[in-house]
$ cat start.csv   # CSV, C-alpha atoms and all ligand atoms
chain,number,residue,atom,x,y,z
P,1238,MET,CA,-12.8,2.3,-70.4
P,1239,SER,CA,-16.5,3.0,-70.7
P,1240,THR,CA,-15.6,6.3,-72.4
P,1241,HIS,CA,-13.7,4.3,-75.0
P,1242,THR,CA,-16.6,1.9,-75.6
P,1243,HIS,CA,-18.9,4.9,-75.9
P,1244,SER,CA,-16.6,6.6,-78.4
P,1245,GLN,CA,-16.9,3.5,-80.6
P,1246,SER,CA,-20.6,3.1,-80.5
P,1247,LEU,CA,-21.3,4.5,-84.0
P,1248,ALA,CA,-18.1,3.0,-85.6
P,1249,GLY,CA,-18.8,1.8,-89.1
P,1250,ARG,CA,-21.9,3.9,-89.5
P,1251,VAL,CA,-22.4,6.7,-92.1
P,1252,ALA,CA,-24.6,9.7,-91.0
P,1253,VAL,CA,-26.0,12.6,-93.0
P,1254,VAL,CA,-27.1,15.7,-91.1
P,1255,THR,CA,-29.0,18.5,-92.7
P,1256,GLY,CA,-29.0,22.0,-91.3
P,1257,ALA,CA,-25.4,21.2,-90.2
P,1258,SER,CA,-24.0,24.7,-90.5
P,1259,SER,CA,-25.3,25.9,-87.2
P,1260,GLY,CA,-27.2,25.1,-84.1
P,1261,ILE,CA,-28.7,21.6,-83.5
P,1262,GLY,CA,-27.3,20.2,-86.7
P,1263,GLU,CA,-23.8,21.4,-86.2
P,1264,ALA,CA,-23.6,20.1,-82.7
P,1265,SER,CA,-25.2,16.8,-83.7
P,1266,ALA,CA,-22.7,16.3,-86.6
P,1267,GLU,CA,-19.8,16.8,-84.3
P,1268,HIS,CA,-21.2,14.5,-81.7
P,1269,LEU,CA,-22.1,11.7,-84.1
P,1270,ALA,CA,-18.5,12.0,-85.5
P,1271,ALA,CA,-17.2,11.8,-81.9
P,1272,LEU,CA,-19.2,8.6,-81.5
P,1273,GLY,CA,-17.3,7.1,-84.5
P,1274,ALA,CA,-19.7,7.7,-87.4
P,1275,LYS,CA,-18.5,9.1,-90.7
P,1276,VAL,CA,-20.6,12.3,-91.2
P,1277,ALA,CA,-21.8,14.1,-94.2
P,1278,VAL,CA,-22.9,17.7,-93.4
P,1279,LEU,CA,-25.4,19.4,-95.5
P,1280,ALA,CA,-26.5,23.1,-95.6
P,1281,ARG,CA,-26.2,26.1,-97.9
P,1282,ARG,CA,-23.2,27.9,-96.3
P,1283,ALA,CA,-20.1,26.2,-97.7
P,1284,GLU,CA,-17.6,28.1,-95.4
P,1285,LYS,CA,-19.4,27.0,-92.2
P,1286,LEU,CA,-19.5,23.4,-93.5
P,1287,ASP,CA,-15.8,23.5,-94.4
P,1288,ASP,CA,-14.9,24.8,-90.9
P,1289,LEU,CA,-17.0,22.0,-89.3
P,1290,VAL,CA,-15.4,19.3,-91.5
P,1291,ALA,CA,-11.9,20.6,-90.5
P,1292,ARG,CA,-12.8,20.5,-86.8
P,1293,ILE,CA,-14.1,16.9,-87.1
P,1294,GLU,CA,-11.1,15.8,-89.0
P,1295,LYS,CA,-8.7,17.5,-86.6
P,1296,ASP,CA,-10.4,15.3,-83.9
P,1297,GLY,CA,-9.6,12.2,-85.9
P,1298,GLY,CA,-13.1,11.8,-87.5
P,1299,THR,CA,-14.2,11.6,-91.2
P,1300,ALA,CA,-16.5,14.2,-92.6
P,1301,LEU,CA,-17.8,15.3,-96.0
P,1302,ALA,CA,-19.3,18.8,-96.8
P,1303,LEU,CA,-22.4,18.7,-99.0
P,1304,THR,CA,-23.3,22.2,-100.0
P,1305,ALA,CA,-27.0,22.2,-101.0
P,1306,ASP,CA,-30.3,23.9,-100.6
P,1307,VAL,CA,-32.8,21.3,-99.5
P,1308,THR,CA,-35.6,23.0,-101.4
P,1309,ASP,CA,-33.7,22.2,-104.6
P,1310,THR,CA,-34.6,18.5,-105.4
P,1311,ALA,CA,-31.9,18.0,-108.0
P,1312,ALA,CA,-29.2,19.4,-105.7
P,1313,VAL,CA,-30.3,17.1,-102.8
P,1314,HIS,CA,-30.2,14.1,-105.1
P,1315,ALA,CA,-26.8,15.1,-106.4
P,1316,ALA,CA,-25.6,15.3,-102.7
P,1317,ALA,CA,-27.0,11.8,-102.0
P,1318,ASP,CA,-25.1,10.4,-105.1
P,1319,ARG,CA,-21.9,12.0,-103.8
P,1320,LEU,CA,-22.4,10.6,-100.4
P,1321,ARG,CA,-22.9,7.2,-101.9
P,1322,SER,CA,-19.8,7.3,-104.0
P,1323,GLU,CA,-17.5,8.9,-101.3
P,1324,LEU,CA,-18.8,7.3,-98.1
P,1325,GLY,CA,-20.7,4.3,-99.3
P,1326,GLY,CA,-24.3,5.4,-98.5
P,1327,ALA,CA,-26.0,6.6,-95.4
P,1328,ASP,CA,-27.5,4.5,-92.6
P,1329,LEU,CA,-28.4,7.5,-90.3
P,1330,LEU,CA,-30.3,10.5,-91.5
P,1331,PHE,CA,-30.8,13.4,-89.2
P,1332,ASN,CA,-33.3,15.5,-91.2
P,1333,ASN,CA,-33.1,18.7,-89.3
P,1334,ALA,CA,-32.9,21.9,-91.5
P,1335,GLY,CA,-35.8,24.2,-90.7
P,1336,VAL,CA,-36.9,27.8,-90.0
P,1337,MET,CA,-39.3,29.4,-87.5
P,1338,LEU,CA,-41.0,32.6,-88.5
P,1339,PRO,CA,-44.0,33.4,-86.1
P,1340,ALA,CA,-46.3,36.3,-86.9
P,1341,PRO,CA,-50.0,37.1,-86.5
P,1342,ILE,CA,-51.8,35.5,-89.4
P,1343,GLU,CA,-53.6,38.8,-90.2
P,1344,GLU,CA,-50.3,40.4,-91.1
P,1345,LEU,CA,-50.5,38.1,-94.2
P,1346,ARG,CA,-46.7,37.5,-94.3
P,1347,THR,CA,-47.3,35.0,-97.1
P,1348,ASP,CA,-43.6,35.1,-98.0
P,1349,GLN,CA,-42.8,33.8,-94.5
P,1350,TRP,CA,-45.6,31.2,-94.7
P,1351,GLN,CA,-44.2,29.9,-98.0
P,1352,HIS,CA,-40.6,29.9,-96.7
P,1353,GLN,CA,-41.6,27.7,-93.7
P,1354,ILE,CA,-43.7,25.3,-95.8
P,1355,ASP,CA,-41.0,25.1,-98.5
P,1356,LEU,CA,-38.2,24.4,-96.1
P,1357,ASN,CA,-39.8,22.5,-93.2
P,1358,ILE,CA,-42.1,20.3,-95.4
P,1359,THR,CA,-40.9,20.2,-99.0
P,1360,GLY,CA,-37.2,20.4,-98.1
P,1361,LEU,CA,-37.6,17.7,-95.5
P,1362,MET,CA,-39.4,15.5,-98.1
P,1363,ASN,CA,-36.7,16.1,-100.7
P,1364,VAL,CA,-34.2,14.8,-98.2
P,1365,VAL,CA,-36.4,11.8,-97.4
P,1366,GLY,CA,-36.7,11.1,-101.1
P,1367,ALA,CA,-33.0,11.3,-101.8
P,1368,PHE,CA,-31.8,9.2,-98.8
P,1369,THR,CA,-34.4,6.6,-98.1
P,1370,PRO,CA,-33.1,4.2,-100.7
P,1371,GLN,CA,-29.7,4.3,-98.9
P,1372,LEU,CA,-31.2,3.8,-95.5
P,1373,VAL,CA,-33.3,0.8,-96.6
P,1374,GLU,CA,-30.3,-0.7,-98.4
P,1375,SER,CA,-28.0,-0.2,-95.3
P,1376,ALA,CA,-30.6,-1.6,-93.0
P,1377,GLY,CA,-30.9,-4.7,-95.1
P,1378,LYS,CA,-27.1,-5.2,-94.9
P,1379,ARG,CA,-26.4,-4.1,-91.3
P,1380,GLY,CA,-29.7,-4.8,-89.6
P,1381,VAL,CA,-30.5,-1.2,-88.6
P,1382,ALA,CA,-30.7,2.3,-89.9
P,1383,ASP,CA,-32.1,5.6,-88.5
P,1384,LEU,CA,-34.2,8.3,-89.9
P,1385,ILE,CA,-34.6,11.1,-87.3
P,1386,ASN,CA,-36.7,14.1,-88.3
P,1387,THR,CA,-36.6,17.4,-86.3
P,1388,ALA,CA,-40.2,18.4,-85.3
P,1389,SER,CA,-40.8,20.7,-82.3
P,1390,ILE,CA,-43.1,20.9,-79.3
P,1391,ALA,CA,-45.0,23.3,-81.6
P,1392,ALA,CA,-46.3,20.1,-83.2
P,1393,GLN,CA,-48.2,19.3,-80.0
P,1394,ASN,CA,-48.6,22.5,-78.0
P,1395,ILE,CA,-50.5,25.7,-78.7
P,1396,PHE,CA,-48.5,29.0,-79.3
P,1397,PRO,CA,-50.5,32.0,-80.5
P,1398,ASN,CA,-49.0,33.5,-83.8
P,1399,PHE,CA,-47.1,30.2,-84.5
P,1400,ALA,CA,-49.9,28.6,-86.6
P,1401,VAL,CA,-47.9,28.1,-89.8
P,1402,TYR,CA,-44.7,26.9,-88.1
P,1403,SER,CA,-46.7,24.6,-85.8
P,1404,GLY,CA,-48.6,23.2,-88.8
P,1405,THR,CA,-45.3,22.4,-90.6
P,1406,LYS,CA,-44.0,20.7,-87.4
P,1407,ALA,CA,-47.2,18.8,-86.9
P,1408,TYR,CA,-46.7,17.5,-90.4
P,1409,VAL,CA,-43.2,16.3,-89.5
P,1410,THR,CA,-44.4,14.5,-86.4
P,1411,HIS,CA,-47.4,12.8,-88.0
P,1412,PHE,CA,-45.4,12.0,-91.2
P,1413,SER,CA,-42.7,10.3,-89.0
P,1414,ARG,CA,-45.2,8.3,-87.0
P,1415,THR,CA,-46.9,7.0,-90.1
P,1416,LEU,CA,-43.7,6.4,-92.1
P,1417,ARG,CA,-42.4,4.3,-89.2
P,1418,THR,CA,-45.1,1.7,-90.0
P,1419,GLU,CA,-43.6,1.3,-93.5
P,1420,LEU,CA,-39.9,1.4,-92.7
P,1421,GLY,CA,-39.8,-0.2,-89.3
P,1422,PRO,CA,-40.4,-3.7,-90.8
P,1423,LYS,CA,-37.3,-3.0,-93.0
P,1424,ASN,CA,-35.2,-2.2,-89.9
P,1425,VAL,CA,-35.2,1.5,-90.5
P,1426,ARG,CA,-36.1,3.2,-87.1
P,1427,VAL,CA,-38.1,6.4,-87.8
P,1428,ALA,CA,-38.1,8.9,-85.0
P,1429,ALA,CA,-39.3,12.5,-84.5
P,1430,ILE,CA,-37.5,14.7,-82.0
P,1431,GLU,CA,-39.6,17.5,-80.5
P,1432,PRO,CA,-37.5,20.1,-78.7
P,1433,GLY,CA,-38.6,23.0,-76.6
P,1434,ILE,CA,-36.5,26.2,-76.8
P,1435,VAL,CA,-32.9,25.6,-77.8
P,1436,GLY,CA,-30.5,28.5,-78.1
P,1437,THR,CA,-29.4,28.6,-81.8
P,1438,GLU,CA,-29.5,30.9,-84.8
P,1439,LEU,CA,-33.2,30.0,-85.1
P,1440,GLN,CA,-34.3,32.9,-82.9
P,1441,ASN,CA,-32.2,35.4,-85.0
P,1442,HIS,CA,-34.5,35.0,-88.0
P,1443,VAL,CA,-37.6,35.9,-86.1
P,1444,THR,CA,-38.9,39.3,-87.3
P,1445,ASP,CA,-42.1,39.7,-85.4
P,1446,PRO,CA,-41.6,42.1,-82.5
P,1447,GLY,CA,-44.2,40.3,-80.2
P,1448,ALA,CA,-42.5,36.9,-80.7
P,1449,ARG,CA,-39.0,38.4,-80.2
P,1450,GLU,CA,-40.2,40.0,-76.9
P,1451,TRP,CA,-41.7,36.6,-75.8
P,1452,LEU,CA,-38.5,34.8,-76.7
P,1453,ASP,CA,-36.2,37.3,-75.0
P,1454,GLY,CA,-38.4,37.4,-71.9
P,1455,SER,CA,-38.3,33.6,-71.6
P,1456,LYS,CA,-34.5,33.8,-71.1
P,1457,ASP,CA,-35.2,35.5,-67.7
P,1458,THR,CA,-37.5,32.7,-66.5
P,1459,MET,CA,-35.7,29.6,-67.7
P,1460,GLU,CA,-32.4,28.2,-68.9
P,1461,TRP,CA,-32.7,27.3,-72.6
P,1462,LEU,CA,-31.5,24.0,-73.9
P,1463,THR,CA,-28.2,23.9,-75.7
P,1464,PRO,CA,-27.6,22.3,-79.2
P,1465,GLN,CA,-25.3,19.8,-77.3
P,1466,ASP,CA,-28.3,18.6,-75.3
P,1467,ILE,CA,-30.1,17.7,-78.5
P,1468,ALA,CA,-26.9,16.2,-80.1
P,1469,GLU,CA,-26.5,13.8,-77.2
P,1470,THR,CA,-30.1,12.7,-77.5
P,1471,ILE,CA,-29.6,12.0,-81.2
P,1472,GLY,CA,-26.6,10.0,-80.3
P,1473,PHE,CA,-28.6,8.1,-77.7
P,1474,ILE,CA,-31.4,7.3,-80.2
P,1475,ALA,CA,-29.0,6.0,-82.8
P,1476,THR,CA,-26.9,3.8,-80.4
P,1477,LEU,CA,-29.9,1.9,-78.9
P,1478,PRO,CA,-30.0,-1.8,-79.7
P,1479,PRO,CA,-31.6,-2.4,-83.1
P,1480,ARG,CA,-34.9,-3.7,-81.6
P,1481,VAL,CA,-35.5,-0.3,-79.8
P,1482,ASN,CA,-37.1,2.6,-81.6
P,1483,LEU,CA,-37.8,5.8,-79.7
P,1484,GLN,CA,-40.7,7.0,-81.9
P,1485,GLN,CA,-41.1,10.5,-80.5
P,1486,VAL,CA,-38.8,12.3,-78.1
P,1487,THR,CA,-40.0,15.5,-76.4
P,1488,ILE,CA,-37.1,17.4,-74.8
P,1489,MET,CA,-37.8,20.5,-72.8
P,1490,PRO,CA,-35.9,23.1,-70.8
P,1491,THR,CA,-36.8,22.1,-67.3
P,1492,GLY,CA,-38.1,25.6,-66.7
P,1493,GLN,CA,-40.3,25.8,-69.8
P,1494,PRO,CA,-43.9,25.1,-68.8
P,1495,SER,CA,-45.3,24.3,-72.4
H,1,LIG,N1,-33.9,26.2,-81.6
H,1,LIG,C1,-35.1,25.9,-81.2
H,1,LIG,O1,-35.6,26.4,-80.2
H,1,LIG,C2,-35.9,24.7,-81.8
H,1,LIG,C3,-36.9,24.1,-81.2
H,1,LIG,C4,-37.6,23.1,-81.8
H,1,LIG,C5,-37.3,22.7,-83.1
H,1,LIG,N2,-36.3,23.3,-83.7
H,1,LIG,C6,-35.9,22.9,-85.1
H,1,LIG,O2,-34.6,22.5,-85.1
H,1,LIG,C7,-34.1,22.5,-86.4
H,1,LIG,C8,-32.7,23.1,-86.4
H,1,LIG,O3,-32.8,24.5,-86.0
H,1,LIG,P1,-31.8,25.2,-85.1
H,1,LIG,O4,-32.5,25.7,-83.9
H,1,LIG,O5,-30.5,24.5,-85.0
H,1,LIG,O6,-31.6,26.6,-86.0
H,1,LIG,P2,-30.4,27.2,-86.9
H,1,LIG,O7,-29.2,27.4,-86.0
H,1,LIG,O8,-31.0,28.4,-87.6
H,1,LIG,O9,-30.1,26.1,-88.0
H,1,LIG,C9,-30.9,25.9,-89.1
H,1,LIG,C10,-30.0,25.1,-90.1
H,1,LIG,O10,-30.8,24.9,-91.3
H,1,LIG,C11,-30.0,25.2,-92.4
H,1,LIG,N3,-30.9,25.7,-93.6
H,1,LIG,C12,-31.7,26.7,-93.6
H,1,LIG,N4,-32.3,26.8,-94.8
H,1,LIG,C13,-31.8,25.8,-95.5
H,1,LIG,C14,-31.9,25.3,-96.9
H,1,LIG,N5,-32.8,25.9,-97.7
H,1,LIG,N6,-31.2,24.3,-97.3
H,1,LIG,C15,-30.4,23.6,-96.5
H,1,LIG,N7,-30.2,24.0,-95.2
H,1,LIG,C16,-30.9,25.0,-94.8
H,1,LIG,C17,-29.1,26.4,-92.0
H,1,LIG,O11,-28.0,26.4,-92.7
H,1,LIG,P3,-27.7,27.4,-94.0
H,1,LIG,O12,-28.3,28.7,-93.7
H,1,LIG,O13,-26.2,27.4,-94.1
H,1,LIG,O14,-28.4,26.7,-95.2
H,1,LIG,C18,-28.8,25.9,-90.6
H,1,LIG,O15,-27.7,25.0,-90.6
H,1,LIG,C19,-35.2,23.2,-87.2
H,1,LIG,O16,-35.9,22.3,-88.0
H,1,LIG,C20,-36.0,23.9,-86.2
H,1,LIG,O17,-37.3,24.1,-86.6
H,1,LIG,C21,-35.5,24.3,-83.1
$ encode --input "start.csv" --output "structure tokens"
Amino acid sequence: MSTHTHSQSLAGRVAVVTGASSGIGEASAEHLAALGAKVAVLARRAEKLDDLVARIEKDGGTALALTADVTDTAAVHAAADRLRSELGGADLLFNNAGVMLPAPIEELRTDQWQHQIDLNITGLMNVVGAFTPQLVESAGKRGVADLINTASIAAQNIFPNFAVYSGTKAYVTHFSRTLRTELGPKNVRVAAIEPGIVGTELQNHVTDPGAREWLDGSKDTMEWLTPQDIAETIGFIATLPPRVNLQQVTIMPTGQPS
């Protein structure tokens, strides 16, 4: 009985999830669909998105694959237009695509600095620009919409060799906190989720040997979070009564000190 009510808690809502082809975004898209939302899934890898859409539809949900690179402003706007025409506009945005490339600053990996800034800041802003009109419009009609940005505990805590990544995530958290004062009065709840370590493809992209060693070693001392843990938290944030806005959520593996 309670399970049935739970499964209907996002019925009638339309979500868009970026970074939905793996990790946190993929698990969140599936979970939001299981809670009854129609879900548009956005990332670059079309095949992964098609598999995800097929899985959601097999479970009785509705999903739409939007293949796009979030650093391409025109592509993101085209995806938003498609979502509007096919699903009627988004009232839940999980703005989650991102990359983490730690390295000592003196190695001057300017390519990796730029990649993180382009994706974690500019890409995030392209998505905000393309979908905010839909969120505000939906909130006006339904009384609530959600804009949830993925930051990181790196926005708050100090990790040597993570200066660029941490800077991009501090941007996400402070941007979210400030944007909330504009959109909250329009019934759009703005939130930042700040996870500690979650086992995803994120760690596979790390090239710095020191950071890889630190990450691998941490597996021996703690149990990492799973993408599902974050997915359920996103579901929780979006199903709260319209008056309740979790502004920042820090979610840590129990065994991770900081
Ligand atoms: N895992 C952790 O420990 C952890 C902790 C704190 C915060 N985070 C944050 O959580 C978010 C999700 O990361 P994750 O851990 O789930 O990693 P992940 O498995 O590597 O997922 C990253 C997602 O972003 C997509 N993406 C990458 N570049 C893109 C682009 N240019 N345009 C569109 N999509 C793009 C990837 O898909 P395509 O390659 O198909 O485009 C993928 O779906 C990130 O913002 C990350 O910084 C992760």
$ closest_residue --input "start.csv" --among "P:Leu1272, P:Ala1382, P:Ala1266, P:Met1459" --to "Pro1479 (chain P)" --atoms "all atoms listed in the file"
P:Ala1382
$ atom_distance --input "start.csv" --atom1 "CA of Leu1301 (chain P)" --atom2 "CA of Leu1286 (chain P)"
8.6 Å
$ residues_near_ligand --input "start.csv" --ligand "ligand LIG 1 (chain H)" --cutoff "7 Å" --atoms "all atoms listed in the file" --output "JSON, numbers by chain"
{"P": [1255, 1256, 1257, 1258, 1259, 1260, 1261, 1262, 1263, 1279, 1280, 1281, 1282, 1305, 1306, 1307, 1308, 1333, 1334, 1335, 1336, 1337, 1356, 1357, 1387, 1388, 1389, 1390, 1431, 1432, 1433, 1434, 1435, 1436, 1437, 1438, 1439, 1440, 1464]}
$ atom_distance --input "start.csv" --atom1 "CA of Ala1391 (chain P)" --atom2 "CA of Pro1490 (chain P)"
14.1 Å
$ closest_residue --input "start.csv" --among "P:Leu1384, P:Leu1338, P:Ala1367, P:Val1253" --to "Ala1475 (chain P)" --atoms "only C-alpha atoms"
P:Leu1384
$ closest_residue --input "start.csv" --among "P:His1352, P:Arg1319, P:Arg1250, P:His1314" --to "His1442 (chain P)" --atoms "all atoms listed in the file"
P:His1352
$ closest_residue --input "start.csv" --among "P:Leu1372, P:Ala1277, P:Ala1392, P:Ile1474" --to "Gly1298 (chain P)" --atoms "only C-alpha atoms"
P:Ala1277
$ closest_residue --input "start.csv" --among "P:Ala1407, P:Ala1264, P:Ile1488, P:Val1290" --to "Ile1395 (chain P)" --atoms "all atoms listed in the file"
P:Ala1407
